[in-house]
>>> print(open('protein-v9.tsv').read())   # TSV, C-alpha atoms
chain	number	residue	atom	x	y	z
P	1	MET	CA	-13.10	-0.93	1.93
P	2	ARG	CA	-11.39	0.32	5.08
P	3	ILE	CA	-8.37	2.48	4.21
P	4	LEU	CA	-5.58	3.75	6.45
P	5	LEU	CA	-4.27	6.88	4.76
P	6	SER	CA	-0.88	8.40	5.62
P	7	ASN	CA	1.88	10.44	4.01
P	8	ASP	CA	5.22	12.13	4.65
P	9	ASP	CA	4.28	15.74	3.81
P	10	GLY	CA	2.24	16.15	6.97
P	11	ILE	CA	-1.45	15.98	7.83
P	12	HIS	CA	-2.24	19.45	6.47
P	13	ALA	CA	-0.64	18.86	3.05
P	14	PRO	CA	-3.02	19.38	0.11
P	15	GLY	CA	-2.22	15.95	-1.33
P	16	ILE	CA	-3.47	13.90	1.60
P	17	GLN	CA	-6.50	16.10	2.15
P	18	THR	CA	-7.53	15.93	-1.50
P	19	LEU	CA	-7.09	12.17	-1.52
P	20	ALA	CA	-9.02	11.71	1.73
P	21	ASN	CA	-11.99	13.63	0.35
P	22	THR	CA	-12.01	11.56	-2.84
P	23	LEU	CA	-11.66	8.19	-1.13
P	24	ARG	CA	-14.38	8.96	1.41
P	25	GLU	CA	-16.87	8.95	-1.45
P	26	PHE	CA	-16.71	5.15	-1.55
P	27	ALA	CA	-14.60	3.93	1.42
P	28	GLU	CA	-14.10	4.30	5.15
P	29	VAL	CA	-10.92	6.33	5.57
P	30	GLN	CA	-8.82	6.92	8.67
P	31	VAL	CA	-6.07	9.52	8.26
P	32	VAL	CA	-3.03	8.99	10.50
P	33	ALA	CA	-0.18	11.26	9.41
P	34	PRO	CA	2.80	13.22	10.75
P	35	ASP	CA	2.01	16.59	12.29
P	36	ARG	CA	4.70	18.16	10.10
P	37	ASN	CA	6.67	17.55	6.93
P	38	ARG	CA	8.83	14.42	7.26
P	39	SER	CA	9.93	14.06	3.64
P	40	GLY	CA	13.02	11.90	3.23
P	41	ALA	CA	12.40	10.07	6.51
P	42	SER	CA	12.49	6.70	4.71
P	43	ASN	CA	11.69	3.76	7.03
P	44	SER	CA	12.81	5.40	10.27
P	45	LEU	CA	10.92	4.32	13.39
P	46	THR	CA	10.84	6.28	16.66
P	47	LEU	CA	12.14	4.03	19.43
P	48	GLU	CA	13.77	6.32	22.01
P	49	THR	CA	10.83	8.60	22.84
P	50	PRO	CA	7.07	8.06	23.24
P	51	LEU	CA	4.65	9.26	20.59
P	52	ARG	CA	1.65	11.51	21.18
P	53	THR	CA	-1.36	11.92	18.93
P	54	PHE	CA	-3.85	14.72	18.31
P	55	ALA	CA	-7.31	14.03	16.88
P	56	PHE	CA	-9.04	16.69	14.76
P	57	PRO	CA	-12.84	17.17	14.82
P	58	ASN	CA	-13.20	15.27	11.52
P	59	GLY	CA	-11.43	12.24	13.01
P	60	ASP	CA	-8.05	12.73	11.32
P	61	ILE	CA	-5.15	11.89	13.64
P	62	ALA	CA	-1.78	13.65	13.69
P	63	VAL	CA	1.23	11.94	15.27
P	64	GLN	CA	3.34	14.60	16.95
P	65	GLY	CA	6.94	14.29	15.77
P	66	GLY	CA	6.14	10.93	14.20
P	67	THR	CA	7.59	9.51	11.01
P	68	PRO	CA	5.47	7.99	8.24
P	69	THR	CA	6.44	4.52	9.47
P	70	ASP	CA	5.39	5.45	13.01
P	71	CYS	CA	2.01	6.61	11.70
P	72	VAL	CA	1.27	3.40	9.83
P	73	PHE	CA	2.49	1.22	12.71
P	74	LEU	CA	0.23	3.05	15.16
P	75	GLY	CA	-2.65	3.24	12.71
P	76	VAL	CA	-2.71	-0.46	11.89
P	77	ASN	CA	-1.97	-1.79	15.36
P	78	GLU	CA	-3.82	0.66	17.60
P	79	LEU	CA	-5.67	3.62	16.10
P	80	MET	CA	-7.90	2.02	13.43
P	81	LYS	CA	-10.12	-0.72	14.75
P	82	PRO	CA	-10.97	-3.05	13.15
P	83	ARG	CA	-7.72	-3.02	11.22
P	84	PRO	CA	-7.73	-1.52	7.72
P	85	ASP	CA	-8.05	-3.54	4.54
P	86	ILE	CA	-5.31	-1.57	2.79
P	87	VAL	CA	-2.73	1.15	3.47
P	88	VAL	CA	-2.51	4.11	1.08
P	89	SER	CA	0.28	6.69	1.29
P	90	GLY	CA	0.14	10.05	-0.47
P	91	ILE	CA	-0.49	12.06	-2.46
P	92	ASN	CA	3.13	13.18	-2.27
P	93	ALA	CA	4.04	16.65	-3.48
P	94	GLY	CA	6.64	15.76	-6.11
P	95	PRO	CA	7.59	12.44	-7.68
P	96	ASN	CA	9.13	9.34	-6.16
P	97	LEU	CA	10.88	7.89	-9.18
P	98	GLY	CA	13.94	5.68	-9.57
P	99	ASP	CA	16.33	5.94	-6.61
P	100	ASP	CA	13.92	8.29	-4.82
P	101	VAL	CA	12.13	5.26	-3.37
P	102	ILE	CA	15.14	4.56	-1.10
P	103	TYR	CA	14.66	7.84	0.77
P	104	SER	CA	10.94	8.39	0.34
P	105	GLY	CA	8.76	8.56	3.42
P	106	THR	CA	5.76	8.14	1.12
P	107	VAL	CA	7.03	4.78	-0.10
P	108	ALA	CA	8.16	3.85	3.42
P	109	ALA	CA	4.64	4.29	4.79
P	110	ALA	CA	3.34	1.87	2.17
P	111	MET	CA	6.22	-0.52	2.91
P	112	GLU	CA	5.25	-0.54	6.58
P	113	GLY	CA	1.72	-1.49	5.60
P	114	ARG	CA	3.13	-4.43	3.65
P	115	HIS	CA	5.36	-5.39	6.60
P	116	LEU	CA	2.20	-5.57	8.69
P	117	GLY	CA	0.54	-7.91	6.24
P	118	LEU	CA	-1.64	-5.52	4.26
P	119	PRO	CA	-1.77	-4.54	0.61
P	120	ALA	CA	-0.33	-1.08	0.14
P	121	LEU	CA	-0.15	1.74	-2.38
P	122	ALA	CA	2.19	4.77	-2.53
P	123	VAL	CA	1.02	7.68	-4.70
P	124	SER	CA	3.04	10.70	-5.82
P	125	LEU	CA	2.32	13.63	-8.13
P	126	ASN	CA	5.06	14.77	-10.48
P	127	GLY	CA	4.45	18.38	-9.48
P	128	TYR	CA	2.37	20.50	-7.14
P	129	GLN	CA	-0.86	21.36	-8.94
P	130	HIS	CA	-3.18	18.58	-10.12
P	131	TYR	CA	-3.76	16.63	-6.92
P	132	ASP	CA	-7.30	15.93	-8.13
P	133	THR	CA	-5.84	13.96	-11.04
P	134	ALA	CA	-3.73	11.80	-8.75
P	135	ALA	CA	-6.74	11.29	-6.45
P	136	ALA	CA	-8.90	10.15	-9.36
P	137	VAL	CA	-6.21	7.71	-10.53
P	138	THR	CA	-5.85	6.34	-6.99
P	139	ALA	CA	-9.61	5.88	-6.67
P	140	THR	CA	-9.68	3.98	-9.97
P	141	LEU	CA	-6.90	1.66	-8.82
P	142	LEU	CA	-8.55	1.04	-5.46
P	143	ARG	CA	-11.90	0.25	-7.03
P	144	ALA	CA	-10.12	-2.25	-9.27
P	145	LEU	CA	-8.46	-3.80	-6.20
P	146	MET	CA	-11.89	-4.13	-4.58
P	147	ARG	CA	-13.19	-6.06	-7.59
P	148	GLU	CA	-10.05	-8.10	-8.18
P	149	PRO	CA	-7.47	-8.24	-5.36
P	150	LEU	CA	-3.84	-8.15	-6.51
P	151	ARG	CA	-1.92	-10.91	-4.73
P	152	THR	CA	1.68	-10.03	-5.53
P	153	GLY	CA	2.96	-9.58	-1.99
P	154	ARG	CA	4.40	-6.27	-3.20
P	155	ILE	CA	3.51	-2.61	-2.85
P	156	LEU	CA	2.55	-0.50	-5.85
P	157	ASN	CA	4.47	2.74	-6.32
P	158	VAL	CA	2.29	5.06	-8.41
P	159	ASN	CA	3.56	8.27	-9.99
P	160	VAL	CA	1.11	10.57	-11.75
P	161	PRO	CA	1.96	13.31	-14.27
P	162	ASP	CA	1.00	16.80	-13.12
P	163	LEU	CA	-1.68	17.17	-15.79
P	164	PRO	CA	-5.45	17.53	-15.97
P	165	LEU	CA	-7.11	14.10	-15.90
P	166	SER	CA	-8.25	14.51	-19.51
P	167	GLU	CA	-4.60	14.74	-20.63
P	168	ILE	CA	-3.42	11.52	-18.93
P	169	LYS	CA	-2.58	9.08	-21.73
P	170	GLY	CA	-2.96	5.87	-19.74
P	171	ILE	CA	-1.14	3.65	-17.28
P	172	ARG	CA	2.16	1.83	-17.77
P	173	VAL	CA	3.72	-0.91	-15.68
P	174	THR	CA	7.33	0.19	-15.19
P	175	ARG	CA	10.59	-0.50	-13.44
P	176	CYS	CA	12.58	1.94	-11.33
P	177	GLY	CA	15.04	4.02	-13.30
P	178	SER	CA	18.09	5.54	-11.64
P	179	ARG	CA	19.79	8.86	-11.05
P	180	HIS	CA	23.37	10.04	-11.12
P	181	PRO	CA	24.78	10.35	-7.58
P	182	ALA	CA	23.72	13.51	-5.78
P	183	ASP	CA	26.78	15.68	-5.10
P	184	LYS	CA	25.54	19.10	-4.02
P	185	VAL	CA	25.80	20.44	-0.48
P	186	ILE	CA	24.73	24.04	0.10
P	187	ALA	CA	26.75	25.80	2.79
P	188	GLN	CA	25.53	28.96	4.51
P	189	GLN	CA	26.46	30.97	7.58
P	190	ASP	CA	24.11	31.68	10.45
P	191	PRO	CA	24.07	35.18	12.06
P	192	ARG	CA	26.82	34.10	14.49
P	193	GLY	CA	29.18	32.95	11.78
P	194	ALA	CA	28.68	29.19	12.20
P	195	THR	CA	28.38	27.14	9.03
P	196	LEU	CA	25.08	25.48	8.16
P	197	TYR	CA	24.72	22.73	5.56
P	198	TRP	CA	21.72	21.91	3.40
P	199	ILE	CA	21.39	18.65	1.50
P	200	GLY	CA	21.16	19.57	-2.17
P	201	PRO	CA	18.80	18.32	-4.89
P	202	PRO	CA	18.79	14.74	-6.19
P	203	GLY	CA	21.03	13.77	-9.08
P	204	ASP	CA	19.95	14.02	-12.70
P	205	LYS	CA	18.37	11.08	-14.49
P	206	HIS	CA	20.82	8.34	-15.43
P	207	ASP	CA	18.74	5.35	-16.52
P	208	ALA	CA	15.51	6.70	-17.97
P	209	GLY	CA	14.92	4.06	-20.63
P	210	PRO	CA	11.53	3.50	-22.28
P	211	ASP	CA	10.39	0.94	-19.68
P	212	THR	CA	11.26	3.10	-16.65
P	213	ASP	CA	9.04	5.13	-14.36
P	214	PHE	CA	10.87	8.30	-15.49
P	215	ALA	CA	9.97	7.74	-19.14
P	216	ALA	CA	6.33	6.91	-18.47
P	217	VAL	CA	5.66	10.06	-16.44
P	218	ASP	CA	7.60	12.28	-18.87
P	219	GLU	CA	5.40	10.97	-21.70
P	220	GLY	CA	2.15	11.65	-19.87
P	221	TYR	CA	1.43	8.17	-18.51
P	222	VAL	CA	0.78	7.07	-14.95
P	223	SER	CA	3.68	4.88	-13.81
P	224	VAL	CA	2.91	1.81	-11.67
P	225	THR	CA	5.95	-0.04	-10.30
P	226	ALA	CA	5.76	-3.10	-8.05
P	227	LEU	CA	8.32	-2.86	-5.24
P	228	HIS	CA	9.56	-5.34	-2.66
P	229	VAL	CA	11.89	-5.07	0.31
P	230	ASP	CA	14.19	-8.06	-0.19
P	231	LEU	CA	17.50	-6.23	-0.69
P	232	THR	CA	19.50	-9.43	-1.18
P	233	ALA	CA	21.57	-9.22	-4.37
P	234	HIS	CA	20.89	-12.83	-5.33
P	235	ALA	CA	22.96	-12.61	-8.52
P	236	ALA	CA	26.03	-11.59	-6.49
P	237	GLN	CA	25.89	-14.43	-3.96
P	238	GLU	CA	28.08	-16.77	-5.97
P	239	VAL	CA	30.60	-14.02	-6.72
P	240	VAL	CA	30.90	-13.13	-3.02
P	241	GLY	CA	31.33	-16.82	-2.10
P	242	ALA	CA	34.08	-17.29	-4.66
P	243	TRP	CA	35.86	-14.14	-3.45
P	244	LEU	CA	35.79	-15.34	0.16
P	245	GLU	CA	37.32	-18.66	-0.87
P	246	LYS	CA	39.94	-17.03	-3.04
P	247	THR	CA	41.07	-14.59	-0.37
P	248	GLU	CA	40.84	-17.30	2.32
P	249	VAL	CA	38.86	-14.94	4.54
P	250	ALA	CA	36.34	-17.69	5.20
P	251	LYS	CA	39.12	-19.96	6.55
P	252	ALA	CA	40.09	-17.45	9.23
P	253	TRP	CA	37.42	-18.89	11.48
>>> encode(input="protein-v9.tsv", output="structure tokens")
Amino acid sequence: MRILLSNDDGIHAPGIQTLANTLREFAEVQVVAPDRNRSGASNSLTLETPLRTFAFPNGDIAVQGGTPTDCVFLGVNELMKPRPDIVVSGINAGPNLGDDVIYSGTVAAAMEGRHLGLPALAVSLNGYQHYDTAAAVTATLLRALMREPLRTGRILNVNVPDLPLSEIKGIRVTRCGSRHPADKVIAQQDPRGATLYWIGPPGDKHDAGPDTDFAAVDEGYVSVTALHVDLTAHAAQEVVGAWLEKTEVAKAW
């Protein structure tokens, strides 16, 4: 198996380095990752400036100023030849649960792999300690994919409890939960008296029902959620059509 490995925490983050070491035990791995932390970059793509890369002695490649999407685009189309069999993103420091997937650069890197026609996996740890657990879970999933390819046309978003591997209770297939809207902005003053603003933490859990990714991880299970990128609200199409007719907006043209 040829794996393109990326992330959004940066090439030196412990998650990606732990995962690379584990996956290299049974696969050919090419790391292409941002040269710095790009958490929250979502699917942003650099279009206005050129991208530069830096190769480390072990073959890992950092993209200077690049986003996770940039890294996967370059990795698949230019830097890994032949092309990879699969794109893996992670291990993220902290979870990507519920609404987090909208902002997540970890999930975005996997999404870009899927855009480019490859199976893809996003992996996050619900904490900052047991990266070896998340690496072992990822290796198990990838070995299963080698034996039996999963042809869903979707990416898998994997969230792993921050526990020793022996304390993981199992794996659950889940749906995304949701959070309350985030509403905190932290204002500070710089030494010259100008105001600085920091984006605050995400909102608290809102929908954390028993079949959600939140519930699975809280109960000690690995959460696996299939994600797709079709944002069309199919159930609302008829309602929107009826509204246009009723308000006669559609007749204006």
>>> atom_distance(input="protein-v9.tsv", atom1="atom CA of P:Arg151", atom2="atom CA of P:Leu165")
27.9 Å
>>> residues_around(input="protein-v9.tsv", residues="P:Gly15", least_positions_apart="2", cutoff="10 Å", atoms="only C-alpha atoms", output="tab-separated table (two decimals) with C-alpha atoms, in the frame of the given file")
chain	number	residue	atom	x	y	z
P	7	ASN	CA	1.88	10.44	4.01
P	9	ASP	CA	4.28	15.74	3.81
P	10	GLY	CA	2.24	16.15	6.97
P	11	ILE	CA	-1.45	15.98	7.83
P	12	HIS	CA	-2.24	19.45	6.47
P	13	ALA	CA	-0.64	18.86	3.05
P	17	GLN	CA	-6.50	16.10	2.15
P	18	THR	CA	-7.53	15.93	-1.50
P	19	LEU	CA	-7.09	12.17	-1.52
P	20	ALA	CA	-9.02	11.71	1.73
P	89	SER	CA	0.28	6.69	1.29
P	90	GLY	CA	0.14	10.05	-0.47
P	91	ILE	CA	-0.49	12.06	-2.46
P	92	ASN	CA	3.13	13.18	-2.27
P	93	ALA	CA	4.04	16.65	-3.48
P	123	VAL	CA	1.02	7.68	-4.70
P	124	SER	CA	3.04	10.70	-5.82
P	125	LEU	CA	2.32	13.63	-8.13
P	128	TYR	CA	2.37	20.50	-7.14
P	129	GLN	CA	-0.86	21.36	-8.94
P	130	HIS	CA	-3.18	18.58	-10.12
P	131	TYR	CA	-3.76	16.63	-6.92
P	132	ASP	CA	-7.30	15.93	-8.13
P	134	ALA	CA	-3.73	11.80	-8.75
P	135	ALA	CA	-6.74	11.29	-6.45
>>> closest_residue(input="protein-v9.tsv", among="P:Glu238, P:Asp162, P:Asp207, P:Glu112", to="P:Gly127", atoms="only C-alpha atoms")
P:Asp162
>>> closest_atom_pairs(input="protein-v9.tsv", of="stretch 68-174 of chain P", to="stretch 33-44 of chain P", cutoff="6 Å", atoms="only C-alpha atoms", output="Markdown table")
| residue | atom | partner | partner_atom | distance |
| --- | --- | --- | --- | --- |
| P:Thr69 | CA | P:Asn43 | CA | 5.8 |
| P:Cys71 | CA | P:Ala33 | CA | 5.6 |
| P:Tyr103 | CA | P:Ser42 | CA | 4.6 |
| P:Ser104 | CA | P:Ser42 | CA | 4.9 |
| P:Gly105 | CA | P:Ser42 | CA | 4.4 |
| P:Ala108 | CA | P:Asn43 | CA | 5.0 |
>>> closest_residue(input="protein-v9.tsv", among="P:Glu48, P:Glu25, P:Thr133, P:Ile3", to="P:Val72", atoms="only C-alpha atoms")
P:Ile3
>>> atom_distance(input="protein-v9.tsv", atom1="atom CA of P:Ala109", atom2="atom CA of P:Leu196")
29.6 Å
>>> residues_around(input="protein-v9.tsv", residues="P:Pro201", least_positions_apart="5", cutoff="12 Å", atoms="all atoms listed in the file", output="list in words")
Gly40, Asp100, Arg179, His180, Pro181, Ala182, Asp183, Lys184, Val185 and Ile186 of chain P
>>> closest_atom_pairs(input="protein-v9.tsv", of="stretch 87-141 of chain P", to="stretch 211-219 of chain P", cutoff="10 Å", atoms="all atoms listed in the file", output="CSV")
residue,atom,partner,partner_atom,distance
P:Pro95,CA,P:Val217,CA,9.3
P:Asn96,CA,P:Asp213,CA,9.2
P:Leu97,CA,P:Asp213,CA,6.2
P:Gly98,CA,P:Asp213,CA,6.9
P:Leu125,CA,P:Val217,CA,9.6
P:Asn126,CA,P:Val217,CA,7.6
>>> atom_distance(input="protein-v9.tsv", atom1="atom CA of P:Leu79", atom2="atom CA of P:Leu227")
26.3 Å
>>> closest_residue(input="protein-v9.tsv", among="P:Ala144, P:Ala110, P:Val87, P:Val224", to="P:Arg175", atoms="only C-alpha atoms")
P:Val224
>>> axis_aligned_box(input="protein-v9.tsv", around="stretch 31-43 of chain P", padding_each_side="3 Å", output="lines of an AutoDock Vina configuration file")
center_x = 3.5
center_y = 11.0
center_z = 7.8
size_x = 25.1
size_y = 20.4
size_z = 15.1
>>> residues_around(input="protein-v9.tsv", residues="P:Ser223", least_positions_apart="2", cutoff="8 Å", atoms="only C-alpha atoms", output="PyMOL selection string")
chain P and resi 157-160+171-174+213+216-217+221+225
>>> residues_around(input="protein-v9.tsv", residues="P:Phe26", least_positions_apart="4", cutoff="9 Å", atoms="only C-alpha atoms", output="PyMOL selection string")
chain P and resi 1+22+139+143
>>> residues_around(input="protein-v9.tsv", residues="P:Gly153", least_positions_apart="3", cutoff="8 Å", atoms="all atoms listed in the file", output="PyMOL selection string")
chain P and resi 114+119+228
>>> closest_residue(input="protein-v9.tsv", among="P:Thr195, P:Gln30, P:Gly177, P:Phe73", to="P:Asn58", atoms="all atoms listed in the file")
P:Gln30
>>> closest_residue(input="protein-v9.tsv", among="P:Val239, P:Val29, P:Ala194, P:Val222", to="P:Thr140", atoms="all atoms listed in the file")
P:Val222
>>> decode(input="protein-v9.tsv", residues="stretch 132-249 of chain P", atoms="C-alpha atoms", output="PDB file, in the first residue's frame")
ATOM      1  CA  ASP P 132       0.238   5.367  19.752  1.00  0.00           C
ATOM      2  CA  THR P 133      -3.339   4.199  20.340  1.00  0.00           C
ATOM      3  CA  ALA P 134      -4.663   6.216  17.412  1.00  0.00           C
ATOM      4  CA  ALA P 135      -1.789   4.960  15.238  1.00  0.00           C
ATOM      5  CA  ALA P 136      -2.586   1.345  16.098  1.00  0.00           C
ATOM      6  CA  VAL P 137      -6.284   1.870  15.308  1.00  0.00           C
ATOM      7  CA  THR P 138      -5.384   3.511  11.985  1.00  0.00           C
ATOM      8  CA  ALA P 139      -3.055   0.640  11.073  1.00  0.00           C
ATOM      9  CA  THR P 140      -5.823  -1.871  11.823  1.00  0.00           C
ATOM     10  CA  LEU P 141      -8.280  -0.001   9.600  1.00  0.00           C
ATOM     11  CA  LEU P 142      -5.771   0.294   6.762  1.00  0.00           C
ATOM     12  CA  ARG P 143      -4.893  -3.388   6.896  1.00  0.00           C
ATOM     13  CA  ALA P 144      -8.620  -4.150   6.676  1.00  0.00           C
ATOM     14  CA  LEU P 145      -8.895  -1.840   3.655  1.00  0.00           C
ATOM     15  CA  MET P 146      -6.016  -3.711   2.014  1.00  0.00           C
ATOM     16  CA  ARG P 147      -7.857  -7.012   2.439  1.00  0.00           C
ATOM     17  CA  GLU P 148     -11.310  -5.696   1.606  1.00  0.00           C
ATOM     18  CA  PRO P 149     -11.539  -2.290  -0.119  1.00  0.00           C
ATOM     19  CA  LEU P 150     -14.425  -0.096   1.048  1.00  0.00           C
ATOM     20  CA  ARG P 151     -16.223   1.284  -2.001  1.00  0.00           C
ATOM     21  CA  THR P 152     -18.471   3.933  -0.478  1.00  0.00           C
ATOM     22  CA  GLY P 153     -17.155   6.957  -2.355  1.00  0.00           C
ATOM     23  CA  ARG P 154     -16.898   8.642   1.048  1.00  0.00           C
ATOM     24  CA  ILE P 155     -14.112   9.505   3.456  1.00  0.00           C
ATOM     25  CA  LEU P 156     -13.936   7.967   6.917  1.00  0.00           C
ATOM     26  CA  ASN P 157     -13.623  10.390   9.826  1.00  0.00           C
ATOM     27  CA  VAL P 158     -12.064   8.488  12.726  1.00  0.00           C
ATOM     28  CA  ASN P 159     -11.943   9.812  16.286  1.00  0.00           C
ATOM     29  CA  VAL P 160     -10.040   7.861  18.933  1.00  0.00           C
ATOM     30  CA  PRO P 161     -10.419   8.200  22.719  1.00  0.00           C
ATOM     31  CA  ASP P 162      -7.260   9.374  24.471  1.00  0.00           C
ATOM     32  CA  LEU P 163      -6.764   6.051  26.253  1.00  0.00           C
ATOM     33  CA  PRO P 164      -4.249   3.213  26.287  1.00  0.00           C
ATOM     34  CA  LEU P 165      -5.038   0.717  23.525  1.00  0.00           C
ATOM     35  CA  SER P 166      -6.015  -1.913  26.110  1.00  0.00           C
ATOM     36  CA  GLU P 167      -8.819   0.366  27.358  1.00  0.00           C
ATOM     37  CA  ILE P 168     -10.448   0.960  23.951  1.00  0.00           C
ATOM     38  CA  LYS P 169     -13.827  -0.791  24.055  1.00  0.00           C
ATOM     39  CA  GLY P 170     -14.297  -1.222  20.313  1.00  0.00           C
ATOM     40  CA  ILE P 171     -15.375   0.644  17.202  1.00  0.00           C
ATOM     41  CA  ARG P 172     -18.756   2.222  16.485  1.00  0.00           C
ATOM     42  CA  VAL P 173     -20.157   3.506  13.206  1.00  0.00           C
ATOM     43  CA  THR P 174     -21.594   6.922  14.051  1.00  0.00           C
ATOM     44  CA  ARG P 175     -23.131  10.077  12.684  1.00  0.00           C
ATOM     45  CA  CYS P 176     -21.934  13.624  13.299  1.00  0.00           C
ATOM     46  CA  GLY P 177     -23.410  15.230  16.379  1.00  0.00           C
ATOM     47  CA  SER P 178     -23.639  18.993  16.708  1.00  0.00           C
ATOM     48  CA  ARG P 179     -22.576  21.834  18.956  1.00  0.00           C
ATOM     49  CA  HIS P 180     -24.253  24.973  20.216  1.00  0.00           C
ATOM     50  CA  PRO P 181     -23.098  28.030  18.251  1.00  0.00           C
ATOM     51  CA  ALA P 182     -19.708  29.358  19.324  1.00  0.00           C
ATOM     52  CA  ASP P 183     -20.112  32.857  20.782  1.00  0.00           C
ATOM     53  CA  LYS P 184     -16.844  33.761  22.503  1.00  0.00           C
ATOM     54  CA  VAL P 185     -14.385  36.331  21.188  1.00  0.00           C
ATOM     55  CA  ILE P 186     -11.398  37.158  23.389  1.00  0.00           C
ATOM     56  CA  ALA P 187     -10.290  40.774  23.123  1.00  0.00           C
ATOM     57  CA  GLN P 188      -6.847  41.934  24.233  1.00  0.00           C
ATOM     58  CA  GLN P 189      -4.687  45.013  23.789  1.00  0.00           C
ATOM     59  CA  ASP P 190      -1.262  45.009  22.210  1.00  0.00           C
ATOM     60  CA  PRO P 191       1.556  47.130  23.750  1.00  0.00           C
ATOM     61  CA  ARG P 192       0.498  50.110  21.605  1.00  0.00           C
ATOM     62  CA  GLY P 193      -3.097  50.046  22.756  1.00  0.00           C
ATOM     63  CA  ALA P 194      -4.630  48.494  19.622  1.00  0.00           C
ATOM     64  CA  THR P 195      -7.267  45.825  20.158  1.00  0.00           C
ATOM     65  CA  LEU P 196      -6.530  42.230  19.182  1.00  0.00           C
ATOM     66  CA  TYR P 197      -9.206  39.556  18.812  1.00  0.00           C
ATOM     67  CA  TRP P 198      -8.888  35.816  19.339  1.00  0.00           C
ATOM     68  CA  ILE P 199     -11.496  33.353  18.130  1.00  0.00           C
ATOM     69  CA  GLY P 200     -12.793  31.573  21.221  1.00  0.00           C
ATOM     70  CA  PRO P 201     -13.424  27.866  21.853  1.00  0.00           C
ATOM     71  CA  PRO P 202     -16.092  25.840  20.042  1.00  0.00           C
ATOM     72  CA  GLY P 203     -19.604  25.649  21.441  1.00  0.00           C
ATOM     73  CA  ASP P 204     -20.702  23.007  23.910  1.00  0.00           C
ATOM     74  CA  LYS P 205     -22.272  19.765  22.751  1.00  0.00           C
ATOM     75  CA  HIS P 206     -25.856  20.112  21.554  1.00  0.00           C
ATOM     76  CA  ASP P 207     -26.761  16.835  19.846  1.00  0.00           C
ATOM     77  CA  ALA P 208     -24.715  14.110  21.509  1.00  0.00           C
ATOM     78  CA  GLY P 209     -27.223  11.266  21.235  1.00  0.00           C
ATOM     79  CA  PRO P 210     -26.242   7.606  21.581  1.00  0.00           C
ATOM     80  CA  ASP P 211     -25.535   7.158  17.853  1.00  0.00           C
ATOM     81  CA  THR P 212     -23.280  10.227  17.551  1.00  0.00           C
ATOM     82  CA  ASP P 213     -19.521  10.507  17.349  1.00  0.00           C
ATOM     83  CA  PHE P 214     -19.545  12.483  20.631  1.00  0.00           C
ATOM     84  CA  ALA P 215     -21.225   9.653  22.528  1.00  0.00           C
ATOM     85  CA  ALA P 216     -18.987   6.922  21.130  1.00  0.00           C
ATOM     86  CA  VAL P 217     -15.742   8.663  22.080  1.00  0.00           C
ATOM     87  CA  ASP P 218     -17.050   9.676  25.510  1.00  0.00           C
ATOM     88  CA  GLU P 219     -17.877   6.017  26.198  1.00  0.00           C
ATOM     89  CA  GLY P 220     -14.449   4.759  25.192  1.00  0.00           C
ATOM     90  CA  TYR P 221     -15.186   3.637  21.630  1.00  0.00           C
ATOM     91  CA  VAL P 222     -13.477   4.619  18.401  1.00  0.00           C
ATOM     92  CA  SER P 223     -15.929   6.619  16.286  1.00  0.00           C
ATOM     93  CA  VAL P 224     -15.995   6.018  12.513  1.00  0.00           C
ATOM     94  CA  THR P 225     -18.227   8.377  10.518  1.00  0.00           C
ATOM     95  CA  ALA P 226     -18.601   8.286   6.741  1.00  0.00           C
ATOM     96  CA  LEU P 227     -18.603  11.815   5.304  1.00  0.00           C
ATOM     97  CA  HIS P 228     -19.402  13.204   1.867  1.00  0.00           C
ATOM     98  CA  VAL P 229     -19.153  16.650   0.327  1.00  0.00           C
ATOM     99  CA  ASP P 230     -22.548  17.033  -1.345  1.00  0.00           C
ATOM    100  CA  LEU P 231     -23.923  19.970   0.655  1.00  0.00           C
ATOM    101  CA  THR P 232     -27.236  20.044  -1.218  1.00  0.00           C
ATOM    102  CA  ALA P 233     -30.141  20.014   1.235  1.00  0.00           C
ATOM    103  CA  HIS P 234     -32.219  17.643  -0.883  1.00  0.00           C
ATOM    104  CA  ALA P 235     -35.120  17.610   1.571  1.00  0.00           C
ATOM    105  CA  ALA P 236     -35.441  21.406   1.287  1.00  0.00           C
ATOM    106  CA  GLN P 237     -35.572  21.582  -2.513  1.00  0.00           C
ATOM    107  CA  GLU P 238     -39.336  21.319  -2.725  1.00  0.00           C
ATOM    108  CA  VAL P 239     -39.832  23.869   0.058  1.00  0.00           C
ATOM    109  CA  VAL P 240     -37.564  26.385  -1.689  1.00  0.00           C
ATOM    110  CA  GLY P 241     -39.382  25.834  -5.005  1.00  0.00           C
ATOM    111  CA  ALA P 242     -42.771  26.392  -3.414  1.00  0.00           C
ATOM    112  CA  TRP P 243     -41.515  29.562  -1.690  1.00  0.00           C
ATOM    113  CA  LEU P 244     -40.216  30.976  -4.978  1.00  0.00           C
ATOM    114  CA  GLU P 245     -43.575  30.362  -6.623  1.00  0.00           C
ATOM    115  CA  LYS P 246     -45.517  31.817  -3.732  1.00  0.00           C
ATOM    116  CA  THR P 247     -43.461  34.997  -3.571  1.00  0.00           C
ATOM    117  CA  GLU P 248     -43.383  35.236  -7.384  1.00  0.00           C
ATOM    118  CA  VAL P 249     -39.624  35.787  -7.278  1.00  0.00           C
TER     119      VAL P 249
END
